[in-house]
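Asker: Before we start, here is the structure in question, set down as structure tokens.
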Amino acid sequence: MAGRPEGGAALPSAVSRIASQGAPLSAPLIEMRGITKSFGAVKANEAVDLSVAPGEILGLLGENGAGKTTLMNVLFGAYAPDAGEILVEGRPIAIHNSADALAAGIGMVHQHFHLAPRLTVLENLLIGIPGKSGRIDRARGLTRLTEISRQYGLSLDPNLPVSTLSVGEQQRLEIIKALFRGAKLLILDEPTAVLAPSEVDGLFAALRSMAAQGLGIIFISHKLNEVRALTHRCVVLRHGKVAGRVDHPASTTSAEMAKLMCGHEIVPPVKQASTPGASVLTLDGISTSAHAGTPLREISLFVRAGEILGIAGVSGNGQRALADVISGMLPPRAGTMMIAGKAVTQFSPRELQALGLGRIPEDRMTTGLVTNLPLADSMVLPRIGTEAFSRKGLLNPAAIRAFAEQQIKAYDIRCPGPMVRAGALSGGNLQKALLARELAFDPKVLIVSQPTRGLDIGAARFIHEKFLAMRAKGCGIIVIGEDLEELLMLSDRIAVMYEGRIAGTLPSADATVARLGLMMTGAEGRA
Amino acid sequence: MSAVFEQIFQVGFLAAIIRIATPLAFATLGEMFSERAGVLNLGIEGIMLLSAMAGFTAASLSGSLWLGVLVAVLVGALMGALHALFTVALGLSQHVCGIGVTLFSSGLAYFLYRLIFGQQSVPPSIDGFKTVPIPLLSDIPILGPAVFSQFTLVYMAIIAVPLAAFVLYRTPWGLSVRMVGENPRAADSAGVSVIATRFQAVILGGALMGLAGAFLTMAQFNAFTFGVVSGRGWVAIALVVFGRWDPWRSAGAALLFAFVDALQLRMQASGLGHIPYEAFLMLPFIFTIVAMAFMSRSAVAPSALLKPFRREER
């Protein structure tokens with residue numbers, strides 16, 4: 001793979017014609033030259049060059065907002081570039097919409113799936129495919145589906161409604177959809193962000209098999225270990241420009257790549273030793289009745305001032321109910337909860353908040369904030385009725401704005417201003433906003449779920465540092481997460497949840513990924 | 001009481017249900033196509049009225065009923081295109097534009113009618129469609145005279161239901177309509193034009209609403225009056241929900257409503273005269289409200305209904 005001229009621009013057209021009839025591996029399948037795309041004053045892409053050869057897996061790396069998704073949307077015809085050209089097998093082509101892209105053999109698996117949940121697998125595949133004598137050609141669809149299943153080891157029941165598929169299966173359907181339309185180049189936008197670790201292995205196996213059979217793949221990610229394991233070559237974007245190219249990702253260290261992505265060295269945060277104080281939050285024998293998800297069964301745990309308690313577990317083992325009980329959204333059926341020695345079992349979310357409980361919910365977009373309202377409103381929402389933001393039942397817009405402006409500055413939240421629609425912010429910036437909203441009021445107890453899911457290294461590091469700073473200030477923090485490395489790095493103790501119970505609690509000094517992984521499956525009891 | 005029942009349940013009653021259901025079926029199918037593509041068309045009431053007027057006028061001036069039907073369908077399609085222009089191409093509020101289309105169409109219908117026919121003490125009428133008994137089938141006892149001795153437009157409505165189901169569920173275009181109504185982005189990324197598909201569905205819907213209007217002035221009443229539609233369009237919107245956006249169920253909903261309507265008409269005419277007739281008039285609407293309350297809880301609207309599609313939105 002190495003040694004191919006980057007940008008292959010000098011390729012004579014005669015060669016590319018031969019290439020399109022199916023020969024030398026070195027001819028680029030797709031080439032993008034000098035792509036520039038602006039949204040208003042923001043240059044999302046600036047003079048980006050990129051090429052992919054048949055059989056090659058190209059990693060497209062970059063932090064959130066670096067312009068990866070924009071670049072791919074240009075390639076897929078969703079956005080028209082302001083400048084630059086796209087060549088498919090050596091021929092310049094104009095891609096005005098996704099139909100053009102598909103016709104040119106470019107398929108894309110978006111981060112948010114483009115599927116209709118109420119239609120079946122087969123119907124989702126056949127959309128936009130011409131029928132036979134005016135009817136949907138189900139027979140041909142089934143045949144193609146079987147072929148693709150056999151060729152790449154991707155199978156799905158064609159008659160299931162998409163709403164019954166798991167996230168991993170929906171992603172498989174998106175990949176099949178692209179192949180179904182004859183894609184020669186497959187773009188995957190952060191495909192692993194939604195997958196469980198076991199599903200990632202399956203995806204990688206399928207992608208390798210596709211590349212081995214001559215497809216080109218662009219793999220967008222900010223997870224360096226994945227990029228190093230999977231890709232043949234990498235292009236790193238920063239602030240819309242190519243910040244660097246990596247020819248041998250497998251033999252390049254994560255630190256080197258991270259430096260390219262962020263523009264500076266990433267130093268892991270230092271966890272200072274601390275002596276935890278008295279318990280700030282105690283749960284004793286908490287059980288809940290059947291709730292959306294797994295109910296809790298006799299959960300007892302505590303977190304002390306200046307301590308971070310990690311809650312590990314495969315998602316769906318009661319983590320959601322736990323977070324809801326602690327934040328007062330779900331009243332428990334049995335058991336008691338105490339904050340700083342005071343029984344608060346049936347308290348409302350507002351009462352708990354007044355006692356110093358902060359929560360950063362798992363789903364930023366739905367539970368976290370109101371995407372259609374200005375960011376400033378979402379940032380004060382939990383305390384909208386307090387003296388700080390309203391007087392005599394009337395809002396104080398100046399105070400709300402000032403608070404938001406102050407936090408935007410303090411937390412380096414990248415946005416056009418406090419009055420921008422919250423939903424327009426990137427995930428990392430939203431998470432910073434939510435963090436700012438809680439930390440501004442010095443919580444005594446903080447409960448966070450999946451704090452860095454979908455965030456890039458820089459943003460994740462920032463969040464980690466804030467947690468550790470809060471810990472140093474004597475806040476008790478509960479971090480619910482699936483990323484064991486993260487939990488091990490942050491926590492003082494780690495409790496493992498399994499089927500609504502605490503399967504065991506370990507000091508993080510005694511915990512390893514392997515041991516926690518075993519406990520998460522229910523194999524090992526209390527340590 | 002048995003005399004009342006005898007009077008109510010006879011061949012004529014069944015025939016009345018079919019006749020009442022016909023314009024509702026056209027209108028409901030029209031609204032269903034529009035909504036399956038993600039566009040609520042509140043212009044339905046006005047579109048039916050304007051089509052009814054236009055069809056009646058064309059038939060009355062030319063003497064050709066089928067020309068009248070054609071004009072009604074074209075006017076319906078045109079008004080559908082107007083609604084699509086606002087809601088699909090420009091992405092404006094479907095509620096506001098739909099009400100605008102209804103007000104505009106109704107106003108235009110009244111205005112043009114006065115302009116063409118002037119003010120007359122007795123509204124002008126035409127020689128409307130005659131029933132066309134189908135050979136052999138019309139000889140079947142009860143069903144024959146009730147269902148197979150009807151207007152051609154009634155037969156068209158009966159055929160329209162399976163045809164609509166076929167188009168929606170079995171053709172690539174129908175799949176595109178369902179997809180743009182569920183997840184327009186998915187359709188777009190599959191190379192289907194969301195704008196074009198929605199335009200087509202709303203225009204087809206408008207054409208079907210036009211047929212409903214044509215039936216009212218050219219088969220049912222043979223005259224145009226300002227109250228000729230009298231809420232049938234609004235009822236169709238409820239029937240689409242009641243029918244869960246499915247052609248068969250929607251047609252069933254239209255039949256059920258027609259049954260209650262025919263029933264109240266008979267009850268008015270029967271020996272229950274001590275009850276004010278307005279009470280009977282309310283029945284079908286009360287029925288609709290009650291049915292909606294019970295049935296619509298489990299009904300799930302197309303996910304993208306009411307949502308305009310703009311591609312470069314982030």
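Every chain in the structure tokens takes a letter, A first, then B, and so on in the order presented; its residues are numbered from 1, and the ligands are numbered from 1 following the presented order.
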Find the residues around Ala219 of chain B up to 7 Å (only C-alpha atoms counted), leave out those fewer than 4 positions away in its own chain, and share them as an NGL selection string.

Answerer: :B and (128-129 or 215)

Asker: Using only C-alpha atoms, find which residues of chain A lie within 10 Å of chain B and jot them down as a PyMOL selection string.

Answerer: chain A and resi 39+73+76-80+97-103+107-110+113-119+123-138+174+177-178+181+423-425

Asker: Export, as a compact mmCIF listing (two decimals), in the first residue's frame, the selected residues with C-alpha atoms.

Answerer:
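The result, written out as selection-v9.txt:
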# COMPACT_ATOMS: atom_id res chain seq x y z
CA PHE A 39 -20.71 27.68 6.43
CA ASN A 73 -20.88 15.10 2.99
CA PHE A 76 -21.53 12.21 -0.90
CA GLY A 77 -23.23 15.18 -2.53
CA ALA A 78 -25.06 16.50 0.51
CA TYR A 79 -23.11 19.77 0.41
CA ALA A 80 -21.79 21.49 -2.67
CA ASN A 97 -26.77 14.98 -4.69
CA SER A 98 -26.62 11.55 -3.19
CA ALA A 99 -28.04 10.01 -6.37
CA ASP A 100 -24.94 11.24 -8.26
CA ALA A 101 -22.69 9.89 -5.52
CA LEU A 102 -24.40 6.50 -5.57
CA ALA A 103 -24.17 6.37 -9.36
CA GLY A 107 -21.82 4.75 -0.46
CA MET A 108 -22.05 6.33 2.96
CA VAL A 109 -22.96 5.02 6.39
CA HIS A 110 -23.94 8.09 8.39
CA PHE A 113 -28.63 6.10 10.52
CA HIS A 114 -30.76 6.96 7.54
CA LEU A 115 -33.37 4.29 7.97
CA ALA A 116 -37.14 4.30 8.26
CA PRO A 117 -37.84 2.37 11.48
CA ARG A 118 -41.34 1.29 10.58
CA LEU A 119 -40.40 -0.20 7.22
CA GLU A 123 -38.04 -2.07 2.04
CA ASN A 124 -35.22 0.05 3.39
CA LEU A 125 -32.89 -1.64 0.93
CA LEU A 126 -35.17 -1.23 -2.07
CA ILE A 127 -35.86 2.47 -1.62
CA GLY A 128 -34.88 4.33 -4.75
CA ILE A 129 -34.30 1.12 -6.73
CA PRO A 130 -36.35 0.96 -9.93
CA GLY A 131 -38.93 -1.81 -9.90
CA LYS A 132 -39.88 -4.45 -12.42
CA SER A 133 -42.93 -3.62 -14.57
CA GLY A 134 -44.06 -0.99 -12.10
CA ARG A 135 -43.77 -3.16 -9.00
CA ILE A 136 -41.16 -3.37 -6.29
CA ASP A 137 -38.78 -6.14 -7.32
CA ARG A 138 -38.70 -8.14 -4.10
CA GLU A 174 -26.69 0.65 6.30
CA LYS A 177 -27.61 -0.75 1.65
CA ALA A 178 -24.50 0.89 0.27
CA ARG A 181 -26.33 0.01 -4.65
CA GLY A 423 -28.95 21.73 19.15
CA ALA A 424 -26.53 23.43 16.76
CA LEU A 425 -23.56 22.77 19.07

Asker: If we count only C-alpha atoms, what is near Gly244 of chain A at a cut-off of 9 Å, once residues fewer than 3 positions away on the same chain are taken out, given as an NGL selection string?

Answerer: :A and (234-238 or 241 or 257 or 260-261)

Asker: Would you put the residues from that selection into a file with N, CA and C atoms, as a PDB file, in the first residue's frame?

Answerer:
ATOM      1  N   CYS A 234      -3.626   7.103   6.896  1.00  0.00           N
ATOM      2  CA  CYS A 234      -4.495   8.069   7.569  1.00  0.00           C
ATOM      3  C   CYS A 234      -4.293   9.464   7.055  1.00  0.00           C
ATOM      4  N   VAL A 235      -5.388  10.213   7.035  1.00  0.00           N
ATOM      5  CA  VAL A 235      -5.312  11.650   6.805  1.00  0.00           C
ATOM      6  C   VAL A 235      -5.864  12.299   8.069  1.00  0.00           C
ATOM      7  N   VAL A 236      -5.126  13.264   8.606  1.00  0.00           N
ATOM      8  CA  VAL A 236      -5.565  13.909   9.848  1.00  0.00           C
ATOM      9  C   VAL A 236      -6.012  15.327   9.529  1.00  0.00           C
ATOM     10  N   LEU A 237      -7.233  15.670   9.930  1.00  0.00           N
ATOM     11  CA  LEU A 237      -7.752  17.024   9.721  1.00  0.00           C
ATOM     12  C   LEU A 237      -7.705  17.803  11.029  1.00  0.00           C
ATOM     13  N   ARG A 238      -7.396  19.091  10.911  1.00  0.00           N
ATOM     14  CA  ARG A 238      -7.502  19.976  12.066  1.00  0.00           C
ATOM     15  C   ARG A 238      -7.985  21.326  11.566  1.00  0.00           C
ATOM     16  N   LYS A 241      -8.349  21.804   7.813  1.00  0.00           N
ATOM     17  CA  LYS A 241      -7.228  21.606   6.885  1.00  0.00           C
ATOM     18  C   LYS A 241      -6.539  20.267   7.164  1.00  0.00           C
ATOM     19  N   MET A 257      -0.138  10.549  16.751  1.00  0.00           N
ATOM     20  CA  MET A 257      -1.356  10.879  16.015  1.00  0.00           C
ATOM     21  C   MET A 257      -2.186  11.894  16.780  1.00  0.00           C
ATOM     22  N   LEU A 260      -0.970  15.282  16.147  1.00  0.00           N
ATOM     23  CA  LEU A 260      -1.417  15.796  14.849  1.00  0.00           C
ATOM     24  C   LEU A 260      -2.856  16.312  14.937  1.00  0.00           C
ATOM     25  N   MET A 261      -3.694  15.558  15.636  1.00  0.00           N
ATOM     26  CA  MET A 261      -5.113  15.916  15.733  1.00  0.00           C
ATOM     27  C   MET A 261      -5.324  17.195  16.512  1.00  0.00           C
TER      28      MET A 261
END

Asker: Could you pull out all residues of segment 213-418 of chain A with a DSSP call of helix (DSSP H, G or I) and give them as JSON, numbers by chain?

Answerer: {"A": [224, 225, 226, 227, 228, 229, 230, 249, 250, 251, 254, 255, 256, 257, 258, 259, 260, 261, 262, 319, 320, 321, 322, 323, 324, 325, 326, 349, 350, 351, 352, 353, 354, 364, 365, 366, 367, 368, 375, 376, 377, 378, 379, 380, 381, 382, 383, 397, 398, 399, 400, 401, 402, 403, 404, 405, 406, 407, 408, 409, 410]}

Asker: Would you pick out the contacts of Ala273 of chain A at 12 Å or less, using only C-alpha atoms, so that residues sharing its chain but fewer than 6 positions from it are not included, and give the list as a PyMOL selection string?

Answerer: chain A and resi 306-308+468+471-472+490-492

Asker: Would you mind listing what lies within 6 Å of segment 366-372 of chain A as a list in words, with only C-alpha atoms counted and same-chain residues fewer than 2 positions away left out?

Answerer: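 In the requested form, the answer reads Pro361, Asp363, Arg364, Ser378, Arg421, Ala422 and Gly423 of chain A.
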
Asker: How many Å separate atom CA of Leu352 of chain A from atom CA of Pro507 of chain A?

Answerer: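 For atom CA of Leu352 of chain A relative to atom CA of Pro507 of chain A, the distance reads 27.8 Å.
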
Asker: Using Å and a single decimal, report how far atom CA of Ala83 of chain A sits from atom CA of Ile35 of chain A.

Answerer: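 Distance reported for this atom pair: 5.6 Å.
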
Asker: Quick one: residues within 9 Å of Phe117 of chain B, only C-alpha atoms counted, chain neighbours fewer than 6 positions away excluded, as an NGL selection string?

Answerer: :B and (57 or 123-124)

Asker: Record the distance separating atom CA of Ala211 of chain A and atom CA of Lys223 of chain A, expressed in Å with one decimal.

Answerer: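 Between atom CA of Ala211 of chain A and atom CA of Lys223 of chain A the gap is 20.2 Å.
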
Asker: Segment 46-54 of chain B: which residues within 8 Å, counting only C-alpha atoms, same-chain residues fewer than 6 positions away excluded, as a ChimeraX atom specification?

Answerer: /B:68,71-73,75-76,79-80,101-106,108-109,113,206,209-217,224,228-229,233

Asker: Could you take the residues named above and write them with C-alpha atoms, as a PDB file, in the first residue's frame?

Answerer:
ATOM      1  CA  GLY B  68     -66.662  18.322 -15.392  1.00  0.00           C
ATOM      2  CA  VAL B  71     -61.839  19.796 -14.512  1.00  0.00           C
ATOM      3  CA  ALA B  72     -62.548  18.989 -10.856  1.00  0.00           C
ATOM      4  CA  VAL B  73     -59.580  16.601 -10.749  1.00  0.00           C
ATOM      5  CA  VAL B  75     -58.374  21.903 -10.063  1.00  0.00           C
ATOM      6  CA  GLY B  76     -57.802  19.576  -7.095  1.00  0.00           C
ATOM      7  CA  MET B  79     -54.538  23.302  -5.414  1.00  0.00           C
ATOM      8  CA  GLY B  80     -52.512  20.345  -4.160  1.00  0.00           C
ATOM      9  CA  VAL B 101     -55.483  27.031   1.105  1.00  0.00           C
ATOM     10  CA  THR B 102     -58.938  26.186   2.490  1.00  0.00           C
ATOM     11  CA  LEU B 103     -59.865  29.842   3.005  1.00  0.00           C
ATOM     12  CA  PHE B 104     -58.498  30.846  -0.377  1.00  0.00           C
ATOM     13  CA  SER B 105     -60.181  27.990  -2.251  1.00  0.00           C
ATOM     14  CA  SER B 106     -63.525  28.497  -0.539  1.00  0.00           C
ATOM     15  CA  LEU B 108     -62.491  31.676  -4.785  1.00  0.00           C
ATOM     16  CA  ALA B 109     -65.286  29.118  -5.218  1.00  0.00           C
ATOM     17  CA  TYR B 113     -69.802  30.900  -8.682  1.00  0.00           C
ATOM     18  CA  GLY B 206     -55.400  16.939  -4.324  1.00  0.00           C
ATOM     19  CA  MET B 209     -59.978  15.391  -3.209  1.00  0.00           C
ATOM     20  CA  GLY B 210     -61.123  16.879  -6.536  1.00  0.00           C
ATOM     21  CA  LEU B 211     -62.871  13.602  -7.385  1.00  0.00           C
ATOM     22  CA  ALA B 212     -64.631  13.772  -4.024  1.00  0.00           C
ATOM     23  CA  GLY B 213     -65.826  17.284  -4.833  1.00  0.00           C
ATOM     24  CA  ALA B 214     -66.950  16.221  -8.304  1.00  0.00           C
ATOM     25  CA  PHE B 215     -69.049  13.418  -6.839  1.00  0.00           C
ATOM     26  CA  LEU B 216     -70.901  15.849  -4.578  1.00  0.00           C
ATOM     27  CA  THR B 217     -72.043  18.254  -7.305  1.00  0.00           C
ATOM     28  CA  PHE B 224     -73.591  23.555  -6.227  1.00  0.00           C
ATOM     29  CA  VAL B 228     -72.105  21.309  -0.359  1.00  0.00           C
ATOM     30  CA  VAL B 229     -68.965  19.982   1.338  1.00  0.00           C
ATOM     31  CA  GLY B 233     -62.985  17.371   4.315  1.00  0.00           C
TER      32      GLY B 233
END

Asker: Mind checking DSSP for segment 102-281 of chain A and telling me the strand (DSSP E or B) residues as a PyMOL selection string?

Answerer: chain A and resi 106-109+120+132+135+161+185-189+216-221+233-238+241-246+279-281

Asker: Could you take the residues named above and write them with N, CA and C atoms, as an mmCIF file, in the first residue's frame?

Answerer:
data_model
loop_
_atom_site.group_PDB
_atom_site.id
_atom_site.type_symbol
_atom_site.label_atom_id
_atom_site.label_comp_id
_atom_site.auth_asym_id
_atom_site.auth_seq_id
_atom_site.Cartn_x
_atom_site.Cartn_y
_atom_site.Cartn_z
ATOM 1 N N ILE A 106 -20.216 5.631 -4.769
ATOM 2 C CA ILE A 106 -19.851 6.069 -3.429
ATOM 3 C C ILE A 106 -21.023 5.795 -2.489
ATOM 4 N N GLY A 107 -20.775 5.046 -1.443
ATOM 5 C CA GLY A 107 -21.821 4.752 -0.464
ATOM 6 C C GLY A 107 -21.415 5.301 0.881
ATOM 7 N N MET A 108 -22.413 5.736 1.677
ATOM 8 C CA MET A 108 -22.050 6.326 2.962
ATOM 9 C C MET A 108 -22.904 5.744 4.075
ATOM 10 N N VAL A 109 -22.253 5.430 5.185
ATOM 11 C CA VAL A 109 -22.959 5.019 6.391
ATOM 12 C C VAL A 109 -22.855 6.181 7.373
ATOM 13 N N THR A 120 -39.609 -2.419 6.634
ATOM 14 C CA THR A 120 -38.803 -3.618 6.849
ATOM 15 C C THR A 120 -37.382 -3.428 6.306
ATOM 16 N N LYS A 132 -39.708 -3.668 -11.200
ATOM 17 C CA LYS A 132 -39.883 -4.447 -12.419
ATOM 18 C C LYS A 132 -41.351 -4.324 -12.831
ATOM 19 N N ARG A 135 -43.664 -2.643 -10.367
ATOM 20 C CA ARG A 135 -43.770 -3.155 -9.004
ATOM 21 C C ARG A 135 -42.399 -3.215 -8.347
ATOM 22 N N PRO A 161 -39.088 -5.508 10.715
ATOM 23 C CA PRO A 161 -39.106 -4.036 10.708
ATOM 24 C C PRO A 161 -37.816 -3.527 11.338
ATOM 25 N N LEU A 185 -16.774 2.481 -3.085
ATOM 26 C CA LEU A 185 -16.133 3.178 -1.975
ATOM 27 C C LEU A 185 -17.169 3.334 -0.873
ATOM 28 N N LEU A 186 -16.797 2.930 0.318
ATOM 29 C CA LEU A 186 -17.725 2.997 1.435
ATOM 30 C C LEU A 186 -17.178 3.994 2.457
ATOM 31 N N ILE A 187 -18.019 4.971 2.820
ATOM 32 C CA ILE A 187 -17.602 5.938 3.831
ATOM 33 C C ILE A 187 -18.318 5.582 5.124
ATOM 34 N N LEU A 188 -17.588 5.427 6.219
ATOM 35 C CA LEU A 188 -18.225 5.135 7.507
ATOM 36 C C LEU A 188 -17.903 6.262 8.474
ATOM 37 N N ASP A 189 -18.945 6.979 8.900
ATOM 38 C CA ASP A 189 -18.754 8.135 9.771
ATOM 39 C C ASP A 189 -18.870 7.697 11.230
ATOM 40 N N GLY A 216 -12.861 0.218 -1.675
ATOM 41 C CA GLY A 216 -12.150 1.256 -0.933
ATOM 42 C C GLY A 216 -13.004 1.679 0.251
ATOM 43 N N ILE A 217 -12.356 1.973 1.380
ATOM 44 C CA ILE A 217 -13.124 2.327 2.574
ATOM 45 C C ILE A 217 -12.523 3.576 3.213
ATOM 46 N N ILE A 218 -13.377 4.518 3.556
ATOM 47 C CA ILE A 218 -12.926 5.659 4.357
ATOM 48 C C ILE A 218 -13.531 5.492 5.743
ATOM 49 N N PHE A 219 -12.683 5.401 6.736
ATOM 50 C CA PHE A 219 -13.105 5.126 8.100
ATOM 51 C C PHE A 219 -12.861 6.383 8.930
ATOM 52 N N ILE A 220 -13.955 7.018 9.346
ATOM 53 C CA ILE A 220 -13.830 8.256 10.119
ATOM 54 C C ILE A 220 -13.899 7.915 11.592
ATOM 55 N N SER A 221 -12.953 8.415 12.360
ATOM 56 C CA SER A 221 -12.968 8.109 13.783
ATOM 57 C C SER A 221 -12.076 9.081 14.521
ATOM 58 N N ARG A 233 -3.753 3.658 5.960
ATOM 59 C CA ARG A 233 -3.170 4.973 5.787
ATOM 60 C C ARG A 233 -4.139 5.958 6.435
ATOM 61 N N CYS A 234 -3.626 7.103 6.896
ATOM 62 C CA CYS A 234 -4.495 8.069 7.569
ATOM 63 C C CYS A 234 -4.293 9.464 7.055
ATOM 64 N N VAL A 235 -5.388 10.213 7.035
ATOM 65 C CA VAL A 235 -5.312 11.650 6.805
ATOM 66 C C VAL A 235 -5.864 12.299 8.069
ATOM 67 N N VAL A 236 -5.126 13.264 8.606
ATOM 68 C CA VAL A 236 -5.565 13.909 9.848
ATOM 69 C C VAL A 236 -6.012 15.327 9.529
ATOM 70 N N LEU A 237 -7.233 15.670 9.930
ATOM 71 C CA LEU A 237 -7.752 17.024 9.721
ATOM 72 C C LEU A 237 -7.705 17.803 11.029
ATOM 73 N N ARG A 238 -7.396 19.091 10.911
ATOM 74 C CA ARG A 238 -7.502 19.976 12.066
ATOM 75 C C ARG A 238 -7.985 21.326 11.566
ATOM 76 N N LYS A 241 -8.349 21.804 7.813
ATOM 77 C CA LYS A 241 -7.228 21.606 6.885
ATOM 78 C C LYS A 241 -6.539 20.267 7.164
ATOM 79 N N VAL A 242 -5.791 19.778 6.171
ATOM 80 C CA VAL A 242 -5.021 18.561 6.413
ATOM 81 C C VAL A 242 -3.849 18.919 7.322
ATOM 82 N N ALA A 243 -3.851 18.303 8.519
ATOM 83 C CA ALA A 243 -2.794 18.613 9.482
ATOM 84 C C ALA A 243 -1.634 17.648 9.320
ATOM 85 N N GLY A 244 -1.895 16.528 8.673
ATOM 86 C CA GLY A 244 -0.813 15.572 8.491
ATOM 87 C C GLY A 244 -1.333 14.290 7.864
ATOM 88 N N ARG A 245 -0.395 13.487 7.370
ATOM 89 C CA ARG A 245 -0.758 12.194 6.795
ATOM 90 C C ARG A 245 0.108 11.128 7.465
ATOM 91 N N VAL A 246 -0.495 9.980 7.726
ATOM 92 C CA VAL A 246 0.250 8.901 8.382
ATOM 93 C C VAL A 246 0.249 7.718 7.425
ATOM 94 N N SER A 279 -19.241 10.358 54.160
ATOM 95 C CA SER A 279 -20.111 10.002 53.041
ATOM 96 C C SER A 279 -21.059 11.154 52.722
ATOM 97 N N VAL A 280 -21.115 11.530 51.428
ATOM 98 C CA VAL A 280 -22.041 12.600 51.044
ATOM 99 C C VAL A 280 -23.334 12.030 50.462
ATOM 100 N N LEU A 281 -23.244 10.832 49.919
ATOM 101 C CA LEU A 281 -24.445 10.194 49.378
ATOM 102 C C LEU A 281 -24.415 8.724 49.765
#

Asker: Which residue, A:Pro268, A:Pro374, A:Gly427, A:Gly55, has the smallest gap to Ala459 of chain A when you use only C-alpha atoms?

Answerer: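 That would be A:Gly427, the residue with the smallest distance to Ala459 of chain A.
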
Asker: Between B:Met292, B:Leu82, B:Val96, B:Leu265, single out the one closest to Ala279 of chain B, counting only C-alpha atoms.

Answerer: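 Once distances to Ala279 of chain B are computed over only C-alpha atoms, the minimum belongs to B:Leu265.
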